[in-house]
>>> print(open('entry_13.csv').read())   # CSV, C-alpha atoms
chain,number,residue,atom,x,y,z
A,169,MET,CA,28.2,10.3,3.1
A,170,SER,CA,24.5,10.4,4.2
A,171,THR,CA,22.0,12.9,5.3
A,172,PRO,CA,19.1,12.5,7.7
A,173,ASP,CA,16.9,11.9,4.7
A,174,GLN,CA,19.4,9.5,3.0
A,175,PRO,CA,20.7,6.8,5.3
A,176,THR,CA,24.0,5.1,4.8
A,177,PRO,CA,23.5,2.6,1.9
A,178,PRO,CA,23.9,-1.1,2.7
A,179,SER,CA,27.0,-2.9,1.7
A,180,GLY,CA,27.2,-3.3,-2.1
A,181,TRP,CA,25.1,-0.2,-2.8
A,182,GLY,CA,28.1,2.0,-3.4
A,183,GLU,CA,28.4,5.7,-2.8
A,184,ALA,CA,25.0,7.3,-2.8
A,185,PRO,CA,24.7,9.7,-5.8
A,186,ARG,CA,24.3,13.4,-5.1
A,187,PRO,CA,20.6,14.2,-5.8
A,188,PRO,CA,20.1,16.3,-8.9
A,189,ALA,CA,18.2,19.5,-8.8
A,190,TYR,CA,14.5,19.3,-9.4
A,191,GLY,CA,13.9,19.0,-13.1
A,192,GLN,CA,17.5,18.0,-13.9
A,193,TYR,CA,19.1,14.6,-14.4
A,194,GLY,CA,22.7,13.8,-13.6
A,195,PRO,CA,25.2,12.2,-16.0
A,196,GLY,CA,24.9,8.5,-16.6
A,197,GLN,CA,21.2,8.5,-16.0
A,198,TYR,CA,19.8,8.5,-19.5
A,199,GLY,CA,23.0,7.8,-21.5
A,200,SER,CA,25.7,10.3,-21.6
A,201,GLY,CA,23.4,13.2,-20.8
A,202,ARG,CA,24.9,15.4,-23.6
A,203,TYR,CA,22.0,15.3,-26.1
A,204,GLY,CA,19.1,17.6,-25.7
A,205,PRO,CA,15.6,16.9,-27.1
A,206,GLY,CA,15.8,16.1,-30.8
A,207,GLU,CA,19.6,16.0,-31.0
A,208,PRO,CA,20.8,12.7,-32.5
A,209,ALA,CA,23.4,10.6,-30.8
A,210,PRO,CA,26.7,10.1,-32.8
A,211,ASP,CA,25.7,6.5,-33.4
A,212,GLY,CA,23.1,7.5,-35.9
A,213,GLY,CA,20.0,8.0,-33.7
A,214,ALA,CA,20.6,5.5,-30.8
A,215,SER,CA,20.9,6.4,-27.2
A,216,ALA,CA,23.8,5.2,-25.0
A,217,GLN,CA,21.5,2.4,-23.8
A,218,GLY,CA,20.8,1.2,-27.3
A,219,THR,CA,17.2,2.6,-27.4
A,220,PRO,CA,16.4,4.1,-30.8
A,221,ARG,CA,15.6,7.8,-30.8
A,222,PRO,CA,12.9,8.2,-33.5
A,223,GLY,CA,12.9,12.0,-33.6
A,224,PRO,CA,12.5,15.1,-31.6
A,225,ALA,CA,11.3,14.4,-28.0
A,226,PRO,CA,8.0,15.8,-27.0
A,227,SER,CA,7.8,18.7,-24.6
A,228,ASP,CA,8.4,17.4,-21.1
A,229,PRO,CA,7.9,19.6,-18.0
A,230,TYR,CA,10.6,17.6,-16.2
A,231,GLY,CA,13.3,18.3,-18.8
A,232,PRO,CA,14.7,15.6,-21.1
A,233,SER,CA,12.5,12.6,-22.0
A,234,ALA,CA,13.0,9.9,-19.4
A,235,THR,CA,13.6,6.3,-20.2
A,236,LYS,CA,10.8,3.8,-19.3
A,237,PRO,CA,12.3,0.3,-18.9
A,238,GLY,CA,9.4,-0.9,-16.8
A,239,VAL,CA,6.0,0.2,-15.7
A,240,VAL,CA,6.8,3.9,-15.1
A,241,PRO,CA,9.3,6.5,-16.5
A,242,LEU,CA,12.3,7.0,-14.4
A,243,ARG,CA,11.7,10.6,-13.3
A,244,PRO,CA,9.3,12.3,-10.9
A,245,LEU,CA,5.8,10.9,-11.6
A,246,SER,CA,2.5,12.5,-12.2
A,247,LEU,CA,-0.8,11.2,-10.6
A,248,GLY,CA,-1.8,9.5,-13.9
A,249,GLU,CA,1.6,7.8,-14.2
A,250,ILE,CA,1.4,6.4,-10.7
A,251,PHE,CA,-2.1,4.9,-11.3
A,252,ASP,CA,-1.2,3.6,-14.7
A,253,GLY,CA,2.0,2.1,-13.2
A,254,ALA,CA,-0.1,0.4,-10.5
A,255,PHE,CA,-2.3,-1.3,-13.1
A,256,SER,CA,0.7,-2.1,-15.3
A,257,SER,CA,2.4,-3.8,-12.3
A,258,VAL,CA,-0.6,-6.1,-11.9
A,259,ARG,CA,-0.4,-7.1,-15.6
A,260,HIS,CA,3.4,-7.4,-15.5
A,261,ASN,CA,3.4,-9.9,-12.6
A,262,PRO,CA,-0.1,-11.3,-11.9
A,263,ALA,CA,1.3,-14.4,-10.1
A,264,VAL,CA,2.6,-12.2,-7.3
A,265,MET,CA,0.2,-9.3,-7.4
A,266,LEU,CA,-2.9,-11.5,-7.5
A,267,GLY,CA,-1.9,-15.0,-6.5
A,268,LEU,CA,0.3,-14.3,-3.5
A,269,VAL,CA,-1.9,-11.5,-2.3
A,270,ALA,CA,-4.9,-13.9,-2.5
A,271,VAL,CA,-3.1,-16.3,-0.2
A,272,VAL,CA,-2.4,-13.6,2.4
A,273,VAL,CA,-5.9,-12.2,2.3
A,274,ALA,CA,-7.5,-15.6,2.5
A,275,ALA,CA,-5.3,-16.5,5.6
A,276,ALA,CA,-6.2,-13.2,7.3
A,277,THR,CA,-9.9,-13.7,6.6
A,278,LEU,CA,-9.8,-17.2,7.9
A,279,LEU,CA,-8.1,-16.0,11.1
A,280,ALA,CA,-10.6,-13.2,11.5
A,281,ALA,CA,-13.5,-15.6,11.0
A,282,LEU,CA,-12.1,-18.0,13.6
A,283,LEU,CA,-11.7,-15.2,16.1
A,284,ALA,CA,-15.3,-14.2,15.5
A,285,GLN,CA,-16.5,-17.5,16.9
A,286,PHE,CA,-15.6,-16.4,20.4
A,287,ALA,CA,-18.3,-13.7,20.2
A,288,VAL,CA,-21.0,-15.9,18.8
A,289,PRO,CA,-22.3,-17.3,22.1
A,290,ALA,CA,-22.6,-13.9,23.7
A,291,LEU,CA,-24.4,-12.4,20.6
A,292,THR,CA,-26.7,-15.4,20.4
A,293,GLY,CA,-27.7,-14.8,24.1
A,294,LEU,CA,-28.2,-11.1,23.5
A,295,PHE,CA,-30.5,-11.7,20.5
A,296,SER,CA,-32.5,-14.4,22.4
A,297,GLU,CA,-32.9,-12.1,25.4
A,298,ALA,CA,-34.1,-9.2,23.2
A,299,ALA,CA,-36.7,-11.5,21.6
A,300,SER,CA,-38.0,-12.7,24.9
A,301,VAL,CA,-38.4,-9.1,26.3
A,302,ASP,CA,-39.9,-7.5,23.2
A,303,ALA,CA,-42.7,-9.3,21.5
A,304,GLU,CA,-42.0,-7.4,18.2
A,305,LEU,CA,-38.6,-9.1,18.1
A,306,GLU,CA,-39.9,-12.6,18.6
A,307,TYR,CA,-38.9,-13.4,15.1
A,308,LEU,CA,-35.3,-13.3,16.2
A,309,THR,CA,-35.7,-16.4,18.3
A,310,ALA,CA,-35.4,-18.9,15.4
A,311,ASP,CA,-32.6,-17.1,13.7
A,312,ALA,CA,-30.7,-15.9,16.7
A,313,GLY,CA,-27.7,-18.2,16.1
A,314,TRP,CA,-27.4,-17.4,12.4
A,315,LEU,CA,-27.7,-13.6,13.1
A,316,ALA,CA,-25.0,-13.8,15.8
A,317,GLN,CA,-22.8,-15.7,13.4
A,318,LEU,CA,-23.3,-13.2,10.6
A,319,MET,CA,-22.7,-10.2,12.9
A,320,ALA,CA,-19.6,-11.7,14.5
A,321,VAL,CA,-18.1,-12.7,11.1
A,322,SER,CA,-18.9,-9.3,9.5
A,323,GLY,CA,-17.3,-7.5,12.4
A,324,ALA,CA,-14.2,-9.7,12.4
A,325,LEU,CA,-13.8,-9.3,8.6
A,326,SER,CA,-13.2,-5.6,9.2
A,327,LEU,CA,-9.9,-6.6,10.8
A,328,THR,CA,-8.8,-8.3,7.6
A,329,LEU,CA,-7.3,-5.1,6.1
A,330,LEU,CA,-5.5,-4.3,9.4
A,331,ILE,CA,-4.0,-7.7,9.5
A,332,ALA,CA,-3.1,-8.2,5.8
A,333,GLN,CA,-2.2,-4.8,4.6
A,334,PRO,CA,1.4,-4.4,5.9
A,335,ILE,CA,2.3,-7.9,4.8
A,336,THR,CA,0.6,-7.5,1.4
A,337,GLU,CA,2.4,-4.2,1.0
A,338,GLY,CA,5.7,-6.0,1.6
A,339,PHE,CA,5.1,-8.6,-1.2
A,340,ILE,CA,3.7,-6.0,-3.6
A,341,THR,CA,6.6,-3.6,-2.9
A,342,ALA,CA,9.2,-6.3,-3.7
A,343,SER,CA,7.4,-7.0,-7.0
A,344,VAL,CA,6.7,-3.4,-8.0
A,345,SER,CA,10.3,-2.3,-7.2
A,346,GLN,CA,11.5,-4.7,-9.9
A,347,SER,CA,8.7,-4.0,-12.4
A,348,VAL,CA,9.9,-0.4,-12.3
A,349,ILE,CA,13.1,-1.5,-14.0
A,350,GLY,CA,11.6,-4.1,-16.2
A,351,ARG,CA,12.3,-7.2,-14.1
A,352,LYS,CA,9.7,-9.8,-13.3
A,353,LEU,CA,10.2,-11.8,-10.1
A,354,SER,CA,8.7,-15.2,-9.5
A,355,VAL,CA,6.7,-16.0,-6.4
A,356,GLY,CA,9.7,-17.8,-5.0
A,357,GLU,CA,12.0,-14.8,-5.6
A,358,VAL,CA,9.5,-12.4,-4.0
A,359,TRP,CA,9.2,-14.7,-1.0
A,360,ALA,CA,13.0,-14.9,-0.7
A,361,LYS,CA,13.2,-11.1,-0.7
A,362,VAL,CA,10.4,-10.5,1.8
A,363,ARG,CA,11.0,-13.5,4.2
A,364,PRO,CA,13.9,-11.9,6.1
A,365,ARG,CA,11.7,-8.8,6.7
A,366,LEU,CA,8.5,-10.8,7.5
A,367,ALA,CA,8.9,-10.6,11.3
A,368,VAL,CA,9.4,-6.9,11.3
A,369,LEU,CA,6.4,-6.4,8.9
A,370,ILE,CA,4.2,-8.4,11.3
A,371,GLY,CA,5.6,-6.3,14.2
A,372,TRP,CA,4.7,-3.2,12.3
A,373,MET,CA,1.2,-4.6,11.7
A,374,LEU,CA,0.7,-5.3,15.5
A,375,LEU,CA,2.2,-1.9,16.5
A,376,ARG,CA,0.0,-0.1,14.1
A,377,THR,CA,-3.1,-1.9,15.1
A,378,VAL,CA,-2.6,-1.6,18.8
A,379,GLY,CA,-1.4,2.0,18.5
A,380,LEU,CA,-4.4,2.9,16.4
A,381,GLY,CA,-6.8,1.4,18.9
A,382,ILE,CA,-5.1,3.0,22.0
A,383,GLY,CA,-4.7,6.4,20.2
A,384,LEU,CA,-8.3,6.6,19.1
A,385,ALA,CA,-9.6,5.5,22.5
A,386,GLY,CA,-7.4,8.1,24.3
A,387,VAL,CA,-8.4,10.9,21.9
A,388,PHE,CA,-12.1,10.0,22.1
A,389,VAL,CA,-12.1,9.9,25.9
A,390,GLY,CA,-10.3,13.3,25.9
A,391,ALA,CA,-12.9,14.7,23.6
A,392,VAL,CA,-15.8,13.4,25.7
A,393,LEU,CA,-14.3,14.9,28.9
A,394,LEU,CA,-13.8,18.2,27.1
A,395,VAL,CA,-17.3,18.4,25.9
A,396,SER,CA,-18.6,17.4,29.3
A,397,ALA,CA,-16.6,20.1,31.0
A,398,VAL,CA,-17.9,22.7,28.5
A,399,ALA,CA,-21.5,21.5,29.1
A,400,VAL,CA,-21.1,21.7,32.9
A,401,ALA,CA,-19.4,25.1,32.8
A,402,THR,CA,-21.7,26.8,30.3
A,403,ASP,CA,-24.9,24.9,30.6
A,404,SER,CA,-25.3,25.5,26.8
A,405,VAL,CA,-26.3,22.6,24.5
A,406,GLY,CA,-25.4,24.5,21.4
A,407,LEU,CA,-21.9,25.3,22.6
A,408,SER,CA,-21.4,21.7,23.7
A,409,VAL,CA,-22.4,20.4,20.3
A,410,LEU,CA,-20.1,22.9,18.6
A,411,VAL,CA,-17.2,21.8,20.7
A,412,GLY,CA,-18.0,18.2,20.0
A,413,LEU,CA,-18.0,18.9,16.2
A,414,LEU,CA,-14.7,20.7,16.5
A,415,CYS,CA,-13.2,17.8,18.4
A,416,LEU,CA,-14.4,15.4,15.7
A,417,VAL,CA,-12.8,17.5,13.0
A,418,ALA,CA,-9.6,17.7,15.0
A,419,ILE,CA,-9.6,13.9,15.4
A,420,VAL,CA,-10.0,13.3,11.7
A,421,VAL,CA,-7.3,15.8,10.8
A,422,LEU,CA,-4.9,14.3,13.3
A,423,ALA,CA,-5.6,10.8,12.1
A,424,ALA,CA,-5.1,11.8,8.5
A,425,TRP,CA,-1.8,13.5,9.3
A,426,VAL,CA,-0.4,10.6,11.2
A,427,TRP,CA,-1.7,8.2,8.5
A,428,VAL,CA,0.2,10.0,5.7
A,429,ARG,CA,3.4,10.5,7.7
A,430,LEU,CA,3.6,6.7,8.3
A,431,MET,CA,2.4,5.8,4.9
A,432,LEU,CA,5.8,4.7,3.6
A,433,VAL,CA,6.9,2.5,6.5
A,434,ALA,CA,6.1,-0.9,4.8
A,435,PRO,CA,7.9,-0.1,1.5
A,436,ALA,CA,10.9,1.2,3.4
A,437,LEU,CA,11.0,-1.8,5.7
A,438,VAL,CA,11.2,-4.1,2.7
A,439,LEU,CA,13.6,-2.1,0.5
A,440,GLU,CA,16.0,-0.5,3.0
A,441,GLY,CA,16.5,-3.2,5.5
A,442,SER,CA,16.7,-1.1,8.7
A,443,GLY,CA,15.0,-1.8,12.0
A,444,LEU,CA,11.5,-0.8,12.8
A,445,GLY,CA,12.3,2.3,14.8
A,446,ARG,CA,14.7,3.7,12.3
A,447,THR,CA,12.4,2.9,9.4
A,448,ILE,CA,9.5,4.7,11.1
A,449,ALA,CA,11.7,7.8,11.5
A,450,ARG,CA,12.9,7.4,7.9
A,451,ALA,CA,9.3,7.2,6.5
A,452,TRP,CA,8.4,10.3,8.7
A,453,ARG,CA,11.2,12.3,7.1
A,454,LEU,CA,10.5,11.1,3.5
A,455,THR,CA,6.9,12.5,3.7
A,456,ARG,CA,8.2,15.9,5.0
A,457,GLY,CA,7.2,18.5,2.5
A,458,ALA,CA,5.2,16.0,0.4
A,459,TYR,CA,2.2,15.7,2.6
A,460,TRP,CA,-0.5,16.9,0.2
A,461,ARG,CA,0.9,15.0,-2.8
A,462,VAL,CA,1.0,11.7,-0.8
A,463,PHE,CA,-2.3,12.3,0.9
A,464,GLY,CA,-4.2,13.2,-2.3
A,465,THR,CA,-2.7,10.3,-4.3
A,466,VAL,CA,-3.3,7.6,-1.8
A,467,LEU,CA,-6.7,8.9,-0.7
A,468,LEU,CA,-7.9,8.9,-4.4
A,469,ALA,CA,-6.5,5.4,-4.9
A,470,SER,CA,-8.3,4.2,-1.8
A,471,ILE,CA,-11.6,5.6,-2.9
A,472,ILE,CA,-11.3,4.1,-6.4
A,473,ALA,CA,-10.2,0.7,-5.0
A,474,SER,CA,-13.0,0.7,-2.4
A,475,VAL,CA,-15.7,1.5,-5.0
A,476,ALA,CA,-14.3,-1.1,-7.4
A,477,GLY,CA,-14.1,-3.7,-4.7
A,478,GLN,CA,-17.7,-3.2,-3.7
A,479,VAL,CA,-18.9,-3.3,-7.3
A,480,VAL,CA,-17.2,-6.6,-7.7
A,481,ALA,CA,-18.2,-8.1,-4.3
A,482,TYR,CA,-21.8,-7.0,-4.3
A,483,PRO,CA,-23.1,-9.6,-6.8
A,484,LEU,CA,-21.2,-12.3,-4.8
A,485,SER,CA,-23.0,-11.4,-1.6
A,486,LEU,CA,-26.3,-11.6,-3.4
A,487,LEU,CA,-25.7,-15.3,-4.2
A,488,GLY,CA,-26.0,-16.1,-0.5
A,489,LEU,CA,-29.5,-14.6,-0.4
A,490,LEU,CA,-30.5,-16.7,-3.4
A,491,VAL,CA,-29.2,-19.8,-1.7
A,492,ASP,CA,-30.8,-19.2,1.7
A,493,GLY,CA,-34.0,-17.6,0.4
A,494,SER,CA,-35.8,-15.8,3.1
A,495,ASP,CA,-33.9,-17.5,6.0
A,496,PHE,CA,-30.4,-16.9,7.4
A,497,GLY,CA,-27.9,-19.7,6.8
A,498,TRP,CA,-24.5,-20.7,5.7
A,499,GLY,CA,-25.1,-19.5,2.2
A,500,LEU,CA,-25.3,-15.8,3.3
A,501,ILE,CA,-22.3,-16.2,5.7
A,502,LEU,CA,-20.0,-17.9,3.1
A,503,SER,CA,-21.0,-15.5,0.4
A,504,SER,CA,-20.2,-12.6,2.8
A,505,VAL,CA,-16.8,-14.1,3.5
A,506,VAL,CA,-16.0,-14.6,-0.2
A,507,ALA,CA,-17.2,-11.1,-1.1
A,508,SER,CA,-15.0,-9.7,1.7
A,509,VAL,CA,-12.0,-11.5,0.3
A,510,VAL,CA,-12.6,-10.2,-3.2
A,511,ALA,CA,-13.1,-6.6,-2.0
A,512,SER,CA,-10.1,-6.7,0.2
A,513,MET,CA,-7.9,-8.1,-2.6
A,514,VAL,CA,-9.0,-5.4,-5.0
A,515,TYR,CA,-8.3,-2.7,-2.4
A,516,LEU,CA,-5.0,-4.1,-1.2
A,517,VAL,CA,-3.5,-4.8,-4.7
A,518,PHE,CA,-4.2,-1.4,-6.1
A,519,VAL,CA,-3.5,0.7,-3.0
A,520,SER,CA,-0.4,-1.2,-2.1
A,521,ALA,CA,1.0,-0.8,-5.7
A,522,VAL,CA,0.2,2.9,-5.5
A,523,VAL,CA,2.0,3.3,-2.2
A,524,ALA,CA,5.1,1.4,-3.6
A,525,LEU,CA,5.2,3.8,-6.5
A,526,VAL,CA,4.6,6.9,-4.3
A,527,TYR,CA,7.7,5.7,-2.2
A,528,THR,CA,9.7,5.4,-5.4
A,529,ASP,CA,8.5,8.8,-6.6
A,530,VAL,CA,9.4,10.5,-3.3
A,531,ARG,CA,12.9,9.1,-3.4
A,532,MET,CA,13.4,10.1,-7.0
A,533,ARG,CA,12.4,13.6,-6.1
A,534,ARG,CA,14.4,13.9,-2.9
A,535,GLU,CA,17.4,11.6,-3.4
A,536,GLY,CA,17.9,11.1,-7.2
A,537,LEU,CA,16.9,7.4,-7.0
A,538,ASP,CA,16.1,7.5,-10.7
A,539,VAL,CA,19.9,7.5,-11.4
A,540,GLN,CA,20.3,4.2,-9.6
A,541,LEU,CA,17.2,2.8,-11.2
A,542,ALA,CA,18.4,3.6,-14.7
A,543,ALA,CA,21.7,1.9,-14.0
A,544,ALA,CA,19.9,-1.1,-12.5
A,545,ALA,CA,17.6,-1.3,-15.6
A,546,GLU,CA,20.6,-1.2,-17.9
A,547,ARG,CA,22.2,-4.1,-16.0
A,548,ALA,CA,19.0,-6.1,-16.1
A,549,ALA,CA,18.8,-5.5,-19.9
A,550,GLN,CA,22.4,-6.5,-20.3
A,551,GLN,CA,21.9,-9.7,-18.3
A,552,THR,CA,18.9,-10.6,-20.5
A,553,SER,CA,20.7,-9.9,-23.8
A,554,ASP,CA,23.8,-11.8,-22.6
A,555,GLY,CA,21.7,-14.8,-21.5
A,556,HIS,CA,23.2,-14.7,-18.0
A,557,GLY,CA,20.3,-16.1,-16.0
A,558,SER,CA,17.0,-14.5,-15.4
A,559,PRO,CA,16.7,-10.7,-15.4
A,560,ALA,CA,16.0,-10.7,-11.7
A,561,GLY,CA,19.2,-12.4,-10.9
A,562,SER,CA,19.7,-14.6,-7.8
A,563,PRO,CA,17.4,-13.8,-5.0
A,564,GLY,CA,19.2,-11.8,-2.3
A,565,THR,CA,22.4,-11.4,-4.4
A,566,PRO,CA,22.9,-7.8,-5.5
A,567,PRO,CA,24.6,-7.1,-8.8
A,568,PRO,CA,28.0,-5.6,-8.7
A,569,GLY,CA,27.8,-2.0,-7.5
A,570,GLY,CA,24.1,-2.2,-7.0
A,571,SER,CA,21.7,-2.4,-4.1
A,572,PRO,CA,20.0,-5.6,-2.8
A,573,GLN,CA,16.7,-4.2,-4.2
A,574,TRP,CA,17.8,-2.8,-7.6
>>> encode(input="entry_13.csv", output="structure tokens")
Amino acid sequence: MSTPDQPTPPSGWGEAPRPPAYGQYGPGQYGSGRYGPGEPAPDGGASAQGTPRPGPAPSDPYGPSATKPGVVPLRPLSLGEIFDGAFSSVRHNPAVMLGLVAVVVAAATLLAALLAQFAVPALTGLFSEAASVDAELEYLTADAGWLAQLMAVSGALSLTLLIAQPITEGFITASVSQSVIGRKLSVGEVWAKVRPRLAVLIGWMLLRTVGLGIGLAGVFVGAVLLVSAVAVATDSVGLSVLVGLLCLVAIVVLAAWVWVRLMLVAPALVLEGSGLGRTIARAWRLTRGAYWRVFGTVLLASIIASVAGQVVAYPLSLLGLLVDGSDFGWGLILSSVVASVVASMVYLVFVSAVVALVYTDVRMRREGLDVQLAAAAERAAQQTSDGHGSPAGSPGTPPPGGSPQW
């Protein structure tokens, strides 16, 4: 049976387990579940999964010590464990986390740079006209074309994250979901898992981008009309400014709230296989009651990744100035593009891995997903020890009794 927060599992998943109470773990999750911390198993100190138990388990606020077959322990995760798991996911599968993401970001950057060329003639005319009107801007005449090119490309590169992030999150989610249970997928296996969902990921990217633009434009126009009405009615500059600031705060709060409630759409699209509308509703429900935890985790990850990306990209952008000297030219433009690609990669890889682990954490807390993950990790370990193919199995073929993802 299913609940509104736990949809009917796809074929081959089996009956969804009843979620354990917070801080408890059901039978079959970490062996037989009969042995408390420090109690030896009857086989002389080995757990049911064959993992040695060296001695008394350390104090754990979540109850019994959890197994860790992959990049994170299979229990509700702390902030540090999510961040450490994101870094470990990159080390575990760099071909996907770096190589495949680099291809997506480079393609999105190239598309953005090509779209920017449509704005170059208009910007060139604008700079030339400004130089002819104002004598102090006469220096712009010689470099008007290069300045227009730089401004157009820089503006278009801001679209790279909007274009690439949902697709990148799909690839990274597929990889991280297997790294959690100790499996390492090849680039081909990740592509095979994400390819059936690629169209809906692109649809989500378009819907999110258009919806963001229309929503912000509508809210902004409404705020301007409200401030204008207050100014006309009261003839008070101070009150109008206060209302404007309150509107700005309200817009930021509303945008942050919607951002968090839709944060888990891309991971759910890849791992649950539902349509876009149902998945949006599903992500909305998953974040219910977990707003501040999700918001704080992803916001901190975004800040860390943005700073790290700029630190890495800044020296690259300086190379263009060294090549062009005091003039504008292709050196500065190309170095700006390369720096943008590097900064976007750093941001997308880390934040997307964090989002994938936040999705896993939310489902472990709400739905007892850790029970299924532990079983999937045991199957993967058994496949490896028996030599029955790669740990990941055949792409798209679920193991008996398991889900297509785990």
>>> residues_near_point(input="entry_13.csv", point="(-6.7, 9.1, -3.7)", cutoff="12 Å", atoms="all atoms listed in the file", output="number ranges by chain")
A: 247-248, 250-251, 428, 460-475, 515, 518-519, 522-523, 526
>>> residues_around(input="entry_13.csv", residues="Ala275 (chain A)", least_positions_apart="2", cutoff="12 Å", atoms="only C-alpha atoms", output="number ranges by chain")
A: 268-273, 277-282, 325, 328-329, 331-332, 335-336, 505, 509
>>> closest_residue(input="entry_13.csv", among="A:Met265, A:Leu432, A:Leu437, A:Val405", to="Met513 (chain A)", atoms="only C-alpha atoms")
A:Met265
>>> closest_residue(input="entry_13.csv", among="A:Ala549, A:Val355, A:Ala476, A:Val420", to="Ser343 (chain A)", atoms="only C-alpha atoms")
A:Val355
>>> atom_distance(input="entry_13.csv", atom1="CA of Ser512 (chain A)", atom2="CA of Leu330 (chain A)")
10.6 Å
>>> closest_residue(input="entry_13.csv", among="A:Ala263, A:Val288, A:Ala391, A:Val348", to="Arg243 (chain A)", atoms="only C-alpha atoms")
A:Val348
>>> atom_distance(input="entry_13.csv", atom1="CA of Phe255 (chain A)", atom2="CA of Leu516 (chain A)")
12.5 Å
>>> atom_distance(input="entry_13.csv", atom1="CA of Leu407 (chain A)", atom2="CA of Ala385 (chain A)")
23.3 Å
>>> closest_residue(input="entry_13.csv", among="A:Gly412, A:Lys352, A:Leu327, A:Arg534", to="Leu374 (chain A)", atoms="all atoms listed in the file")
A:Leu327
>>> residues_around(input="entry_13.csv", residues="Ala284 (chain A)", least_positions_apart="6", cutoff="6 Å", atoms="all atoms listed in the file", output="count of residues only")
3
>>> residues_around(input="entry_13.csv", residues="Glu546 (chain A)", least_positions_apart="4", cutoff="9 Å", atoms="all atoms listed in the file", output="mmCIF file with C-alpha atoms, keeping the file's coordinate frame")
data_model
loop_
_atom_site.group_PDB
_atom_site.id
_atom_site.type_symbol
_atom_site.label_atom_id
_atom_site.label_comp_id
_atom_site.auth_asym_id
_atom_site.auth_seq_id
_atom_site.Cartn_x
_atom_site.Cartn_y
_atom_site.Cartn_z
ATOM 1 C CA GLN A 217 21.500 2.400 -23.800
ATOM 2 C CA PRO A 237 12.300 0.300 -18.900
ATOM 3 C CA ILE A 349 13.100 -1.500 -14.000
ATOM 4 C CA LEU A 541 17.200 2.800 -11.200
ATOM 5 C CA ALA A 542 18.400 3.600 -14.700
ATOM 6 C CA GLN A 550 22.400 -6.500 -20.300
ATOM 7 C CA GLN A 551 21.900 -9.700 -18.300
#
>>> closest_residue(input="entry_13.csv", among="A:Leu245, A:Leu315, A:Val510, A:Leu439", to="Leu294 (chain A)", atoms="all atoms listed in the file")
A:Leu315
>>> residues_around(input="entry_13.csv", residues="Val426 (chain A)", least_positions_apart="3", cutoff="12 Å", atoms="all atoms listed in the file", output="CSV table (one decimal) with C-alpha atoms, keeping the file's coordinate frame")
chain,number,residue,atom,x,y,z
A,376,ARG,CA,0.0,-0.1,14.1
A,379,GLY,CA,-1.4,2.0,18.5
A,380,LEU,CA,-4.4,2.9,16.4
A,383,GLY,CA,-4.7,6.4,20.2
A,384,LEU,CA,-8.3,6.6,19.1
A,419,ILE,CA,-9.6,13.9,15.4
A,420,VAL,CA,-10.0,13.3,11.7
A,421,VAL,CA,-7.3,15.8,10.8
A,422,LEU,CA,-4.9,14.3,13.3
A,423,ALA,CA,-5.6,10.8,12.1
A,429,ARG,CA,3.4,10.5,7.7
A,430,LEU,CA,3.6,6.7,8.3
A,431,MET,CA,2.4,5.8,4.9
A,432,LEU,CA,5.8,4.7,3.6
A,433,VAL,CA,6.9,2.5,6.5
A,448,ILE,CA,9.5,4.7,11.1
A,451,ALA,CA,9.3,7.2,6.5
A,452,TRP,CA,8.4,10.3,8.7
A,455,THR,CA,6.9,12.5,3.7
A,456,ARG,CA,8.2,15.9,5.0
A,459,TYR,CA,2.2,15.7,2.6
A,463,PHE,CA,-2.3,12.3,0.9
>>> residues_around(input="entry_13.csv", residues="Ser485 (chain A)", least_positions_apart="6", cutoff="6 Å", atoms="only C-alpha atoms", output="list of chain:residue names")
A:Ser503, A:Ser504, A:Ala507
